[in-house]
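Working notes, structure below.
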Amino acid sequence: MSKLISITVLGSFILFAACKNKVNTYENKLGIMPASLAEIDTANYTKIQWEDSVKNFGSINEGDSVLIKFKFKNTGKTVLYILATLPSCGCTVTDYPKNAILPGNEGLIKATFNSLGHTGKVKKDIMVKTNTVNKTTQHLEFSGEVRKR
């Protein structure tokens, strides 16, 4: 009797897994990006941990550019997607991983700040949109001093 129950449970699991794969394939055939699916799949949100979400680049001369790197780790149990990055001004350009970050893996968000037209103390923000339970909107900040030439 218990052998029959075990076979039934195993068969149900295989059938469920097969159906689930067909749904994912079908959704992808519709052209829906995996990151978009992850954004609306709130039951499977993950967790993100930042190594340092606030950086100081020190002192640079006006007109120079500086690269700031923000390291993060997926500390959850499902895949992490960086859905978008939104710098607070046009003087900052960001680059971020477009693919899934597997649980336990790390990634970088890079921000290039162009100081032309900015002198004195500067403080800039970057909003990062993620599929995370501990906030879907993360905030990164960098600051420094821009010397006049």
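Starting from 1 in every chain, residues are counted up; chains themselves are A, B, ... following the order of the structure tokens, and ligands are numbered from 1 as listed.
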Exercise for review: For A:Gly120, work out the shell of residues within 9 Å, counting only C-alpha atoms and skipping chain neighbours fewer than 5 positions away, then give it as a list of chain:residue names.
Suggested key: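 So, after excluding close chain neighbours, the residues are A:Gly144, A:Glu145, A:Val146, A:Arg147, A:Lys148.
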Only N, CA and C atoms, please: the residues just picked out, written as a compact mmCIF listing (two decimals), in the first residue's frame.
# COMPACT_ATOMS: atom_id res chain seq x y z
N GLY A 144 31.42 63.08 -2.70
CA GLY A 144 32.83 63.43 -2.81
C GLY A 144 32.99 64.93 -3.00
N GLU A 145 34.19 65.32 -3.28
CA GLU A 145 34.55 66.73 -3.48
C GLU A 145 35.04 66.91 -4.91
N VAL A 146 34.50 67.93 -5.60
CA VAL A 146 34.96 68.27 -6.95
C VAL A 146 35.65 69.62 -6.88
N ARG A 147 36.97 69.61 -7.19
CA ARG A 147 37.77 70.82 -7.15
C ARG A 147 37.67 71.57 -8.48
N LYS A 148 37.60 72.91 -8.41
CA LYS A 148 37.62 73.73 -9.64
C LYS A 148 38.99 73.64 -10.27
Review point. So which residues touch stretch 75-88 of chain A within 10 Å, counting only C-alpha atoms, skipping near sequence neighbours fewer than 5 positions away, as a PyMOL selection string?
Key: chain A and resi 34-36+38-39+44-50+93-107+109+111+113+123-133+136-141
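Proximity ranking of A:Asn61, A:Arg149, A:Cys89, A:Ile68 relative to A:Ser115 places A:Asn61 first, based on only C-alpha atoms.
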**Study point:** Computed interatomic separation between atom CA of A:Lys73 and atom CA of A:Leu108 (Å)
**Key:**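 Going from atom CA of A:Lys73 over to atom CA of A:Leu108, I get 8.9 Å.
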**Study point:** Nearest to A:Lys55 by atom-to-atom distance, counting only C-alpha atoms, from A:Lys71, A:Asn134, A:Thr42, A:Gly117
**Key:**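 Checking each candidate against A:Lys55, we get A:Lys71 as the closest.
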Exercise for review: Can you work out which one of A:Ile32, A:Cys91, A:Lys135, A:Lys121 has the shortest atom-to-atom distance to A:Gly63, counting only C-alpha atoms?
Suggested key: A:Cys91
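The space between atom CA of A:Val122 and atom CA of A:Ser53 spans 16.2 Å.
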